file entry.csv (CSV, C-alpha atoms)
chain,number,residue,atom,x,y,z
A,1,MET,CA,33.3,-27.7,-49.9
A,2,TYR,CA,34.6,-30.6,-47.8
A,3,LYS,CA,32.8,-30.3,-44.5
A,4,LYS,CA,34.6,-31.2,-41.3
A,5,GLY,CA,33.4,-34.2,-39.3
A,6,THR,CA,34.6,-36.4,-36.5
A,7,TYR,CA,33.8,-40.0,-35.7
A,8,ARG,CA,34.1,-40.8,-32.0
A,9,HIS,CA,34.5,-44.2,-30.3
A,10,ASN,CA,34.8,-44.0,-26.5
A,11,ARG,CA,37.7,-41.5,-26.0
A,12,ASP,CA,39.2,-42.0,-29.5
A,13,LEU,CA,38.3,-39.9,-32.5
A,14,LEU,CA,38.9,-39.9,-36.2
A,15,ASN,CA,38.7,-36.6,-38.0
A,16,TYR,CA,37.4,-36.6,-41.6
A,17,ARG,CA,36.4,-34.3,-44.3
A,18,ILE,CA,33.3,-35.1,-46.3
A,19,LEU,CA,32.0,-33.9,-49.7
A,20,PHE,CA,28.3,-34.3,-50.4
A,21,PRO,CA,26.9,-34.3,-54.0
A,22,GLY,CA,25.5,-31.1,-55.4
A,23,HIS,CA,21.7,-30.8,-54.7
A,24,PHE,CA,22.1,-33.6,-52.1
A,25,ASP,CA,18.8,-35.2,-51.3
A,26,PRO,CA,18.8,-37.3,-48.0
A,27,LEU,CA,15.9,-39.3,-49.4
A,28,LYS,CA,18.1,-40.6,-52.2
A,29,LYS,CA,20.9,-43.1,-52.1
A,30,TYR,CA,24.4,-42.2,-53.2
A,31,PRO,CA,27.7,-44.0,-53.8
A,32,LEU,CA,30.2,-43.7,-50.9
A,33,VAL,CA,34.0,-43.2,-51.5
A,34,PHE,CA,36.8,-43.3,-48.9
A,35,ILE,CA,40.2,-42.0,-49.7
A,36,LEU,CA,43.2,-42.8,-47.5
A,37,HIS,CA,46.1,-40.4,-47.5
A,38,GLY,CA,49.8,-41.1,-47.1
A,39,SER,CA,52.0,-40.7,-44.0
A,40,GLY,CA,52.9,-37.1,-44.8
A,41,GLU,CA,49.4,-35.9,-44.3
A,42,ARG,CA,48.9,-37.4,-40.8
A,43,GLY,CA,47.9,-35.1,-37.9
A,44,SER,CA,45.0,-33.4,-36.2
A,45,ASP,CA,44.3,-30.4,-38.3
A,46,ASN,CA,41.6,-32.2,-40.3
A,47,ASN,CA,42.9,-30.5,-43.5
A,48,ALA,CA,46.2,-32.0,-44.6
A,49,GLN,CA,44.5,-35.2,-45.9
A,50,LEU,CA,42.9,-33.2,-48.7
A,51,THR,CA,46.4,-32.5,-50.2
A,52,ASN,CA,46.2,-35.3,-52.8
A,53,GLY,CA,43.1,-36.4,-54.7
A,54,ALA,CA,40.5,-34.1,-53.2
A,55,SER,CA,40.4,-31.7,-56.2
A,56,LEU,CA,39.5,-34.6,-58.5
A,57,PHE,CA,36.1,-34.9,-56.8
A,58,LEU,CA,35.5,-31.2,-56.9
A,59,GLU,CA,35.8,-30.9,-60.7
A,60,GLU,CA,32.3,-29.9,-61.9
A,61,LYS,CA,32.3,-32.5,-64.6
A,62,ASN,CA,32.9,-35.3,-62.1
A,63,ARG,CA,30.3,-33.9,-59.6
A,64,VAL,CA,27.8,-34.0,-62.4
A,65,ALA,CA,28.7,-37.4,-63.9
A,66,PHE,CA,29.4,-39.1,-60.5
A,67,PRO,CA,27.3,-37.7,-57.7
A,68,ALA,CA,28.8,-39.3,-54.6
A,69,ILE,CA,29.6,-38.9,-51.0
A,70,VAL,CA,33.4,-38.6,-50.6
A,71,VAL,CA,35.2,-39.1,-47.3
A,72,PHE,CA,38.8,-38.2,-46.5
A,73,PRO,CA,39.7,-39.5,-43.0
A,74,GLN,CA,42.8,-38.3,-41.3
A,75,CYS,CA,45.2,-40.7,-39.6
A,76,SER,CA,46.7,-39.4,-36.3
A,77,LYS,CA,50.2,-37.9,-36.2
A,78,ASP,CA,52.0,-41.0,-35.0
A,79,GLY,CA,49.5,-43.5,-36.3
A,80,PHE,CA,49.4,-45.7,-39.4
A,81,TRP,CA,46.6,-47.1,-41.4
A,82,SER,CA,48.0,-50.7,-41.8
A,83,ASN,CA,49.9,-52.8,-39.3
A,84,VAL,CA,52.9,-53.1,-41.5
A,85,HIS,CA,56.3,-53.3,-39.7
A,86,ILE,CA,58.7,-50.7,-41.1
A,87,THR,CA,62.5,-50.7,-40.4
A,88,ASN,CA,65.2,-48.5,-41.8
A,89,GLU,CA,68.0,-50.2,-43.6
A,90,ALA,CA,71.6,-49.2,-43.7
A,91,ASN,CA,71.3,-47.8,-47.2
A,92,GLY,CA,68.5,-45.4,-46.0
A,93,LYS,CA,65.7,-47.3,-47.6
A,94,GLU,CA,62.7,-48.6,-45.7
A,95,LEU,CA,61.9,-52.3,-45.3
A,96,HIS,CA,58.2,-53.1,-45.2
A,97,THR,CA,57.1,-56.3,-43.6
A,98,PHE,CA,53.4,-56.8,-44.3
A,99,GLN,CA,51.5,-58.8,-41.7
A,100,ILE,CA,49.2,-61.7,-42.2
A,101,ALA,CA,46.1,-61.0,-40.1
A,102,GLY,CA,47.1,-59.6,-36.7
A,103,GLU,CA,45.7,-56.8,-34.6
A,104,HIS,CA,44.7,-53.6,-36.4
A,105,THR,CA,46.2,-50.3,-35.5
A,106,ARG,CA,44.3,-47.7,-33.5
A,107,ASP,CA,43.6,-45.7,-36.6
A,108,MET,CA,42.5,-48.7,-38.7
A,109,GLY,CA,40.2,-49.7,-35.9
A,110,LEU,CA,38.6,-46.3,-35.9
A,111,LEU,CA,38.4,-46.3,-39.7
A,112,PHE,CA,36.8,-49.8,-39.6
A,113,ASP,CA,34.1,-48.6,-37.2
A,114,ALA,CA,33.6,-45.3,-39.1
A,115,VAL,CA,33.0,-47.2,-42.3
A,116,ASN,CA,30.4,-49.4,-40.5
A,117,ASP,CA,28.8,-46.2,-39.1
A,118,PHE,CA,28.5,-44.6,-42.5
A,119,LEU,CA,26.9,-47.8,-43.8
A,120,THR,CA,24.0,-47.3,-41.5
A,121,LYS,CA,23.1,-44.0,-43.1
A,122,PRO,CA,19.9,-44.2,-45.2
A,123,TYR,CA,21.3,-42.2,-48.0
A,124,VAL,CA,24.3,-44.5,-48.6
A,125,ASP,CA,24.0,-47.1,-51.4
A,126,LYS,CA,25.6,-50.1,-49.8
A,127,ASN,CA,26.1,-51.7,-53.2
A,128,ARG,CA,28.3,-48.9,-54.3
A,129,VAL,CA,30.9,-48.3,-51.6
A,130,TYR,CA,34.5,-47.7,-52.8
A,131,ILE,CA,37.9,-47.2,-51.3
A,132,GLY,CA,41.2,-45.8,-52.6
A,133,GLY,CA,44.5,-44.7,-51.1
A,134,LEU,CA,48.1,-43.7,-51.7
A,135,SER,CA,51.3,-44.9,-50.1
A,136,MET,CA,50.5,-45.6,-46.4
A,137,GLY,CA,46.9,-45.2,-47.6
A,138,GLY,CA,47.4,-47.7,-50.4
A,139,MET,CA,48.6,-50.2,-47.8
A,140,GLY,CA,45.5,-49.4,-45.7
A,141,VAL,CA,43.3,-50.1,-48.7
A,142,PHE,CA,44.6,-53.7,-48.9
A,143,GLU,CA,44.2,-54.2,-45.2
A,144,LEU,CA,40.7,-52.9,-45.1
A,145,LEU,CA,39.8,-55.1,-48.0
A,146,ARG,CA,41.1,-58.1,-46.1
A,147,ARG,CA,39.1,-57.1,-43.0
A,148,LYS,CA,35.9,-56.1,-44.9
A,149,PRO,CA,36.0,-57.9,-48.3
A,150,ASP,CA,32.3,-58.0,-48.7
A,151,THR,CA,31.8,-54.2,-48.2
A,152,PHE,CA,33.5,-52.6,-51.2
A,153,ALA,CA,32.3,-52.7,-54.8
A,154,ALA,CA,35.8,-51.7,-56.1
A,155,ALA,CA,39.1,-50.2,-54.9
A,156,PHE,CA,42.3,-48.7,-56.0
A,157,SER,CA,45.7,-48.7,-54.4
A,158,ILE,CA,48.5,-46.3,-55.3
A,159,CYS,CA,52.1,-47.2,-54.4
A,160,GLY,CA,51.0,-49.5,-51.6
A,161,GLY,CA,51.5,-53.1,-50.7
A,162,ASP,CA,50.3,-56.1,-48.7
A,163,ASN,CA,51.4,-59.6,-47.7
A,164,THR,CA,50.5,-61.7,-50.7
A,165,VAL,CA,49.0,-64.3,-48.5
A,166,ASN,CA,46.2,-61.8,-47.7
A,167,ALA,CA,45.1,-61.6,-51.3
A,168,LYS,CA,42.9,-64.7,-51.0
A,169,ALA,CA,40.5,-62.6,-48.9
A,170,TYR,CA,39.6,-60.2,-51.7
A,171,ALA,CA,41.3,-61.4,-55.0
A,172,LYS,CA,38.0,-62.5,-56.6
A,173,LYS,CA,35.6,-60.4,-54.6
A,174,VAL,CA,36.8,-56.8,-55.2
A,175,PRO,CA,37.8,-55.3,-58.6
A,176,LEU,CA,41.2,-53.6,-58.1
A,177,TRP,CA,43.2,-51.0,-59.9
A,178,ILE,CA,46.8,-50.9,-58.7
A,179,PHE,CA,49.2,-48.1,-59.5
A,180,HIS,CA,52.9,-47.6,-58.9
A,181,GLY,CA,55.9,-45.6,-60.1
A,182,GLU,CA,58.7,-47.7,-61.5
A,183,ASN,CA,61.4,-45.6,-59.8
A,184,ASP,CA,59.7,-45.5,-56.4
A,185,THR,CA,62.5,-45.6,-53.8
A,186,ILE,CA,60.2,-45.1,-50.8
A,187,VAL,CA,57.7,-48.0,-51.4
A,188,PRO,CA,59.3,-50.2,-54.1
A,189,ALA,CA,57.2,-51.1,-57.1
A,190,GLU,CA,57.9,-54.8,-56.3
A,191,HIS,CA,55.2,-54.6,-53.6
A,192,SER,CA,52.5,-53.8,-56.1
A,193,GLU,CA,53.9,-56.2,-58.7
A,194,ALA,CA,53.8,-59.0,-56.1
A,195,MET,CA,50.2,-58.2,-55.2
A,196,VAL,CA,49.2,-58.2,-58.9
A,197,SER,CA,50.8,-61.6,-59.4
A,198,ALA,CA,49.2,-63.0,-56.2
A,199,ILE,CA,45.7,-61.8,-57.1
A,200,ARG,CA,46.0,-63.1,-60.7
A,201,ALA,CA,47.2,-66.5,-59.4
A,202,LEU,CA,44.0,-66.7,-57.3
A,203,GLY,CA,41.8,-65.9,-60.2
A,204,GLY,CA,41.4,-62.2,-59.8
A,205,GLU,CA,41.8,-59.7,-62.7
A,206,PRO,CA,43.3,-56.5,-61.3
A,207,LYS,CA,44.2,-53.6,-63.5
A,208,PHE,CA,47.8,-52.6,-63.1
A,209,THR,CA,49.5,-49.4,-64.2
A,210,LEU,CA,53.2,-49.1,-63.7
A,211,TYR,CA,54.5,-45.6,-64.6
A,212,LYS,CA,57.9,-45.5,-66.2
A,213,ASN,CA,60.4,-42.9,-64.9
A,214,VAL,CA,58.0,-42.0,-62.0
A,215,GLY,CA,59.0,-42.1,-58.4
A,216,HIS,CA,57.0,-42.2,-55.2
A,217,ASN,CA,54.5,-39.5,-56.2
A,218,SER,CA,52.7,-41.7,-58.7
A,219,TRP,CA,49.4,-40.5,-57.2
A,220,ASP,CA,49.8,-37.4,-59.4
A,221,ASN,CA,49.6,-39.7,-62.4
A,222,ALA,CA,46.9,-41.9,-61.0
A,223,PHE,CA,44.5,-39.1,-60.1
A,224,ALA,CA,45.0,-37.7,-63.6
A,225,GLU,CA,43.9,-40.9,-65.2
A,226,PRO,CA,40.7,-40.1,-67.2
A,227,ASP,CA,39.4,-43.6,-66.7
A,228,LEU,CA,39.8,-43.8,-62.9
A,229,LEU,CA,36.4,-42.5,-61.8
A,230,PRO,CA,34.5,-44.0,-64.7
A,231,TRP,CA,36.1,-47.4,-63.9
A,232,LEU,CA,35.5,-47.0,-60.1
A,233,PHE,CA,31.9,-46.0,-60.4
A,234,SER,CA,31.1,-48.6,-63.0
A,235,HIS,CA,31.2,-51.3,-60.4
A,236,SER,CA,28.4,-52.3,-58.1
A,237,LYS,CA,27.8,-55.3,-55.8
A,238,HIS,CA,24.8,-57.5,-56.5
A,239,SER,CA,21.7,-56.3,-54.8
A,240,ASP,CA,21.5,-59.5,-52.7
A,241,SER,CA,25.1,-59.3,-51.5
call {"tool": "encode", "arguments": {"input": "entry.csv", "output": "structure tokens"}}
result
Amino acid sequence: MYKKGTYRHNRDLLNYRILFPGHFDPLKKYPLVFILHGSGERGSDNNAQLTNGASLFLEEKNRVAFPAIVVFPQCSKDGFWSNVHITNEANGKELHTFQIAGEHTRDMGLLFDAVNDFLTKPYVDKNRVYIGGLSMGGMGVFELLRRKPDTFAAAFSICGGDNTVNAKAYAKKVPLWIFHGENDTIVPAEHSEAMVSAIRALGGEPKFTLYKNVGHNSWDNAFAEPDLLPWLFSHSKHSDS
């Protein structure tokens, strides 16, 4: 039910899959949701990005309760959503150095432009645009919020991270729900804990769920949260924003 699409900018392209509401009426306006996948789903098949989270929006009860347009873009094989620097330590773990500002990656640039393109569609409710992501995608969520803090009505990040300095761009503008597994050895939970602390210090009120005895695949738990979609879709920007 997720139709294939491609956003093109000059010679670059960003593949995506898109789910329209049941009984879609182009004369009506609908919420728009972007979901950013992790590094394991990169490629050019325009399919792997549906591995995690896509089924949640296909559930009939959710399609009825939350009619929305859902977009799953796919990052290129060797690309990355955020411009984080990753180095491998001697103990086999990855060290993530999140950047303050800086040039966006190719894939983030395409995503940035694709979001802007979707916002021109007459059937998109610009006051109800949301973004979520996991792992690499969770990092991408924070970066896109930094680059477009006035676009999104709410967001969620699963086992992601950002430089705490960047929190000032979105701390009080975008409601956030942050998830992480306590035993994550790929992207340490400290990254999310640091972001939660930074956002709260700036006056934001993020929701934070830390799963005990859960590793990197905390997205299984997050997408199973019964309150995730009700919470997400409960947020709307002011009509004059």
call {"tool": "residues_around", "arguments": {"input": "entry.csv", "residues": "region 189-192 of chain A", "least_positions_apart": "5", "cutoff": "10 Å", "atoms": "all atoms listed in the file", "output": "list in words"}}
result
His96, Phe98, Gly138, Met139, Ser157, Ile158, Cys159, Gly160, Gly161, Asp162, Asn163, Thr164, Ile178, Phe179, His180, Gly181, Glu182, Asn183, Asp184, Ser197, Ala198, Phe208, Thr209, Leu210, Tyr211, Gly215 and His216 of chain A
call {"tool": "atom_distance", "arguments": {"input": "entry.csv", "atom1": "CA of Leu14 (chain A)", "atom2": "CA of Val70 (chain A)"}}
result
15.5 Å
call {"tool": "atom_distance", "arguments": {"input": "entry.csv", "atom1": "CA of Ile86 (chain A)", "atom2": "CA of Phe112 (chain A)"}}
result
22.0 Å
call {"tool": "atom_distance", "arguments": {"input": "entry.csv", "atom1": "CA of Ala153 (chain A)", "atom2": "CA of Tyr130 (chain A)"}}
result
5.8 Å
call {"tool": "residues_around", "arguments": {"input": "entry.csv", "residues": "Val71 (chain A)", "least_positions_apart": "5", "cutoff": "8 Å", "atoms": "only C-alpha atoms", "output": "PyMOL selection string"}}
result
chain A and resi 16-19+32-35
call {"tool": "closest_residue", "arguments": {"input": "entry.csv", "among": "A:Gly203, A:Asp150, A:Trp177, A:Asn213", "to": "Trp231 (chain A)", "atoms": "all atoms listed in the file"}}
result
A:Trp177
call {"tool": "closest_residue", "arguments": {"input": "entry.csv", "among": "A:Thr151, A:Arg8, A:Ser55, A:Ile186", "to": "His238 (chain A)", "atoms": "all atoms listed in the file"}}
result
A:Thr151
call {"tool": "closest_residue", "arguments": {"input": "entry.csv", "among": "A:Phe57, A:Tyr170, A:Tyr30, A:Trp81", "to": "Leu110 (chain A)", "atoms": "only C-alpha atoms"}}
result
A:Trp81
call {"tool": "closest_residue", "arguments": {"input": "entry.csv", "among": "A:Leu56, A:Leu111, A:Ala169, A:Val187", "to": "Gly79 (chain A)", "atoms": "all atoms listed in the file"}}
result
A:Leu111
call {"tool": "closest_residue", "arguments": {"input": "entry.csv", "among": "A:Cys75, A:Ala68, A:Leu229, A:Met1", "to": "Asp45 (chain A)", "atoms": "all atoms listed in the file"}}
result
A:Cys75
call {"tool": "residues_around", "arguments": {"input": "entry.csv", "residues": "region 103-106 of chain A", "least_positions_apart": "6", "cutoff": "12 Å", "atoms": "all atoms listed in the file", "output": "PyMOL selection string"}}
result
chain A and resi 9+11-14+75-85+112-113+140+143-144+146-147
call {"tool": "write_last_selection", "arguments": {"input": "entry.csv", "atoms": "C-alpha atoms", "output": "PDB file, in the coordinates of the input"}}
result
ATOM      1  CA  HIS A   9      34.500 -44.200 -30.300  1.00  0.00           C
ATOM      2  CA  ARG A  11      37.700 -41.500 -26.000  1.00  0.00           C
ATOM      3  CA  ASP A  12      39.200 -42.000 -29.500  1.00  0.00           C
ATOM      4  CA  LEU A  13      38.300 -39.900 -32.500  1.00  0.00           C
ATOM      5  CA  LEU A  14      38.900 -39.900 -36.200  1.00  0.00           C
ATOM      6  CA  CYS A  75      45.200 -40.700 -39.600  1.00  0.00           C
ATOM      7  CA  SER A  76      46.700 -39.400 -36.300  1.00  0.00           C
ATOM      8  CA  LYS A  77      50.200 -37.900 -36.200  1.00  0.00           C
ATOM      9  CA  ASP A  78      52.000 -41.000 -35.000  1.00  0.00           C
ATOM     10  CA  GLY A  79      49.500 -43.500 -36.300  1.00  0.00           C
ATOM     11  CA  PHE A  80      49.400 -45.700 -39.400  1.00  0.00           C
ATOM     12  CA  TRP A  81      46.600 -47.100 -41.400  1.00  0.00           C
ATOM     13  CA  SER A  82      48.000 -50.700 -41.800  1.00  0.00           C
ATOM     14  CA  ASN A  83      49.900 -52.800 -39.300  1.00  0.00           C
ATOM     15  CA  VAL A  84      52.900 -53.100 -41.500  1.00  0.00           C
ATOM     16  CA  HIS A  85      56.300 -53.300 -39.700  1.00  0.00           C
ATOM     17  CA  PHE A 112      36.800 -49.800 -39.600  1.00  0.00           C
ATOM     18  CA  ASP A 113      34.100 -48.600 -37.200  1.00  0.00           C
ATOM     19  CA  GLY A 140      45.500 -49.400 -45.700  1.00  0.00           C
ATOM     20  CA  GLU A 143      44.200 -54.200 -45.200  1.00  0.00           C
ATOM     21  CA  LEU A 144      40.700 -52.900 -45.100  1.00  0.00           C
ATOM     22  CA  ARG A 146      41.100 -58.100 -46.100  1.00  0.00           C
ATOM     23  CA  ARG A 147      39.100 -57.100 -43.000  1.00  0.00           C
TER      24      ARG A 147
END
call {"tool": "residues_around", "arguments": {"input": "entry.csv", "residues": "Pro31 (chain A)", "least_positions_apart": "2", "cutoff": "12 Å", "atoms": "only C-alpha atoms", "output": "VMD selection string"}}
result
chain A and resid 19 to 21 24 28 to 29 33 to 34 63 66 to 71 118 to 119 121 to 131 152 to 154 229 232 to 237
call {"tool": "closest_residue", "arguments": {"input": "entry.csv", "among": "A:Ala101, A:Leu228, A:Leu50, A:Leu36", "to": "Asn166 (chain A)", "atoms": "all atoms listed in the file"}}
result
A:Ala101
call {"tool": "residues_around", "arguments": {"input": "entry.csv", "residues": "Gly40 (chain A)", "least_positions_apart": "2", "cutoff": "10 Å", "atoms": "all atoms listed in the file", "output": "PyMOL selection string"}}
result
chain A and resi 37-38+42-43+48-49+51+75+77+135-136
call {"tool": "build_atoms", "arguments": {"input": "entry.csv", "residues": "region 143-154 of chain A", "atoms": "all heavy atoms", "output": "PDB file, in the frame of the given file"}}
result
ATOM      1  N   GLU A 143      44.600 -53.646 -46.495  1.00  0.00           N
ATOM      2  CA  GLU A 143      44.200 -54.200 -45.200  1.00  0.00           C
ATOM      3  C   GLU A 143      42.743 -54.117 -44.936  1.00  0.00           C
ATOM      4  O   GLU A 143      42.135 -55.053 -44.406  1.00  0.00           O
ATOM      5  CB  GLU A 143      45.006 -53.506 -44.059  1.00  0.00           C
ATOM      6  CG  GLU A 143      44.639 -54.087 -42.709  1.00  0.00           C
ATOM      7  CD  GLU A 143      45.615 -53.744 -41.601  1.00  0.00           C
ATOM      8  OE1 GLU A 143      46.795 -53.461 -41.900  1.00  0.00           O
ATOM      9  OE2 GLU A 143      45.201 -53.789 -40.440  1.00  0.00           O
ATOM     10  N   LEU A 144      42.135 -52.994 -45.313  1.00  0.00           N
ATOM     11  CA  LEU A 144      40.700 -52.900 -45.100  1.00  0.00           C
ATOM     12  C   LEU A 144      39.927 -53.842 -45.978  1.00  0.00           C
ATOM     13  O   LEU A 144      38.897 -54.381 -45.565  1.00  0.00           O
ATOM     14  CB  LEU A 144      40.243 -51.427 -45.367  1.00  0.00           C
ATOM     15  CG  LEU A 144      38.865 -51.045 -44.805  1.00  0.00           C
ATOM     16  CD1 LEU A 144      38.787 -51.335 -43.306  1.00  0.00           C
ATOM     17  CD2 LEU A 144      38.561 -49.582 -45.072  1.00  0.00           C
ATOM     18  N   LEU A 145      40.434 -54.103 -47.174  1.00  0.00           N
ATOM     19  CA  LEU A 145      39.800 -55.100 -48.000  1.00  0.00           C
ATOM     20  C   LEU A 145      39.880 -56.486 -47.391  1.00  0.00           C
ATOM     21  O   LEU A 145      38.945 -57.286 -47.487  1.00  0.00           O
ATOM     22  CB  LEU A 145      40.461 -55.137 -49.410  1.00  0.00           C
ATOM     23  CG  LEU A 145      40.249 -53.931 -50.314  1.00  0.00           C
ATOM     24  CD1 LEU A 145      40.923 -54.169 -51.664  1.00  0.00           C
ATOM     25  CD2 LEU A 145      38.773 -53.623 -50.510  1.00  0.00           C
ATOM     26  N   ARG A 146      41.012 -56.766 -46.746  1.00  0.00           N
ATOM     27  CA  ARG A 146      41.100 -58.100 -46.100  1.00  0.00           C
ATOM     28  C   ARG A 146      40.149 -58.159 -44.906  1.00  0.00           C
ATOM     29  O   ARG A 146      39.542 -59.218 -44.687  1.00  0.00           O
ATOM     30  CB  ARG A 146      42.563 -58.243 -45.522  1.00  0.00           C
ATOM     31  CG  ARG A 146      42.706 -59.448 -44.599  1.00  0.00           C
ATOM     32  CD  ARG A 146      44.155 -59.741 -44.251  1.00  0.00           C
ATOM     33  NE  ARG A 146      44.794 -58.700 -43.471  1.00  0.00           N
ATOM     34  CZ  ARG A 146      44.635 -58.557 -42.147  1.00  0.00           C
ATOM     35  NH1 ARG A 146      43.821 -59.352 -41.479  1.00  0.00           N
ATOM     36  NH2 ARG A 146      45.293 -57.610 -41.498  1.00  0.00           N
ATOM     37  N   ARG A 147      39.977 -57.067 -44.178  1.00  0.00           N
ATOM     38  CA  ARG A 147      39.100 -57.100 -43.000  1.00  0.00           C
ATOM     39  C   ARG A 147      37.623 -56.965 -43.370  1.00  0.00           C
ATOM     40  O   ARG A 147      36.765 -57.417 -42.607  1.00  0.00           O
ATOM     41  CB  ARG A 147      39.507 -55.961 -42.042  1.00  0.00           C
ATOM     42  CG  ARG A 147      40.909 -56.141 -41.457  1.00  0.00           C
ATOM     43  CD  ARG A 147      41.258 -55.045 -40.472  1.00  0.00           C
ATOM     44  NE  ARG A 147      42.629 -55.173 -39.981  1.00  0.00           N
ATOM     45  CZ  ARG A 147      43.004 -55.984 -38.981  1.00  0.00           C
ATOM     46  NH1 ARG A 147      42.096 -56.734 -38.372  1.00  0.00           N
ATOM     47  NH2 ARG A 147      44.273 -56.045 -38.593  1.00  0.00           N
ATOM     48  N   LYS A 148      37.328 -56.332 -44.514  1.00  0.00           N
ATOM     49  CA  LYS A 148      35.900 -56.100 -44.900  1.00  0.00           C
ATOM     50  C   LYS A 148      35.770 -56.428 -46.415  1.00  0.00           C
ATOM     51  O   LYS A 148      35.379 -55.554 -47.191  1.00  0.00           O
ATOM     52  CB  LYS A 148      35.483 -54.695 -44.614  1.00  0.00           C
ATOM     53  CG  LYS A 148      35.471 -54.333 -43.137  1.00  0.00           C
ATOM     54  CD  LYS A 148      35.015 -52.906 -42.905  1.00  0.00           C
ATOM     55  CE  LYS A 148      33.557 -52.730 -43.220  1.00  0.00           C
ATOM     56  NZ  LYS A 148      32.666 -53.472 -42.293  1.00  0.00           N
ATOM     57  N   PRO A 149      36.054 -57.638 -46.847  1.00  0.00           N
ATOM     58  CA  PRO A 149      36.000 -57.900 -48.300  1.00  0.00           C
ATOM     59  C   PRO A 149      34.656 -57.884 -48.928  1.00  0.00           C
ATOM     60  O   PRO A 149      34.546 -57.783 -50.149  1.00  0.00           O
ATOM     61  CB  PRO A 149      36.627 -59.355 -48.361  1.00  0.00           C
ATOM     62  CG  PRO A 149      36.299 -59.960 -47.024  1.00  0.00           C
ATOM     63  CD  PRO A 149      36.429 -58.824 -46.047  1.00  0.00           C
ATOM     64  N   ASP A 150      33.610 -57.958 -48.115  1.00  0.00           N
ATOM     65  CA  ASP A 150      32.300 -58.000 -48.700  1.00  0.00           C
ATOM     66  C   ASP A 150      31.637 -56.562 -48.737  1.00  0.00           C
ATOM     67  O   ASP A 150      30.500 -56.410 -49.184  1.00  0.00           O
ATOM     68  CB  ASP A 150      31.346 -58.867 -47.842  1.00  0.00           C
ATOM     69  CG  ASP A 150      31.802 -60.313 -47.870  1.00  0.00           C
ATOM     70  OD1 ASP A 150      32.170 -60.786 -48.970  1.00  0.00           O
ATOM     71  OD2 ASP A 150      31.803 -60.961 -46.804  1.00  0.00           O
ATOM     72  N   THR A 151      32.382 -55.561 -48.288  1.00  0.00           N
ATOM     73  CA  THR A 151      31.800 -54.200 -48.200  1.00  0.00           C
ATOM     74  C   THR A 151      31.997 -53.407 -49.482  1.00  0.00           C
ATOM     75  O   THR A 151      31.082 -52.669 -49.888  1.00  0.00           O
ATOM     76  CB  THR A 151      32.490 -53.438 -47.035  1.00  0.00           C
ATOM     77  OG1 THR A 151      32.149 -54.088 -45.812  1.00  0.00           O
ATOM     78  CG2 THR A 151      32.018 -51.988 -46.984  1.00  0.00           C
ATOM     79  N   PHE A 152      33.140 -53.564 -50.152  1.00  0.00           N
ATOM     80  CA  PHE A 152      33.500 -52.600 -51.200  1.00  0.00           C
ATOM     81  C   PHE A 152      33.214 -53.192 -52.615  1.00  0.00           C
ATOM     82  O   PHE A 152      33.503 -54.350 -52.919  1.00  0.00           O
ATOM     83  CB  PHE A 152      34.970 -52.255 -51.094  1.00  0.00           C
ATOM     84  CG  PHE A 152      35.278 -51.591 -49.783  1.00  0.00           C
ATOM     85  CD1 PHE A 152      35.841 -52.312 -48.740  1.00  0.00           C
ATOM     86  CD2 PHE A 152      34.969 -50.256 -49.575  1.00  0.00           C
ATOM     87  CE1 PHE A 152      36.096 -51.716 -47.512  1.00  0.00           C
ATOM     88  CE2 PHE A 152      35.221 -49.642 -48.350  1.00  0.00           C
ATOM     89  CZ  PHE A 152      35.787 -50.376 -47.316  1.00  0.00           C
ATOM     90  N   ALA A 153      32.661 -52.324 -53.461  1.00  0.00           N
ATOM     91  CA  ALA A 153      32.300 -52.700 -54.800  1.00  0.00           C
ATOM     92  C   ALA A 153      33.555 -52.627 -55.741  1.00  0.00           C
ATOM     93  O   ALA A 153      33.613 -53.299 -56.774  1.00  0.00           O
ATOM     94  CB  ALA A 153      31.225 -51.807 -55.382  1.00  0.00           C
ATOM     95  N   ALA A 154      34.543 -51.794 -55.387  1.00  0.00           N
ATOM     96  CA  ALA A 154      35.800 -51.700 -56.100  1.00  0.00           C
ATOM     97  C   ALA A 154      36.766 -50.853 -55.301  1.00  0.00           C
ATOM     98  O   ALA A 154      36.370 -50.164 -54.354  1.00  0.00           O
ATOM     99  CB  ALA A 154      35.561 -50.984 -57.497  1.00  0.00           C
TER     100      ALA A 154
END
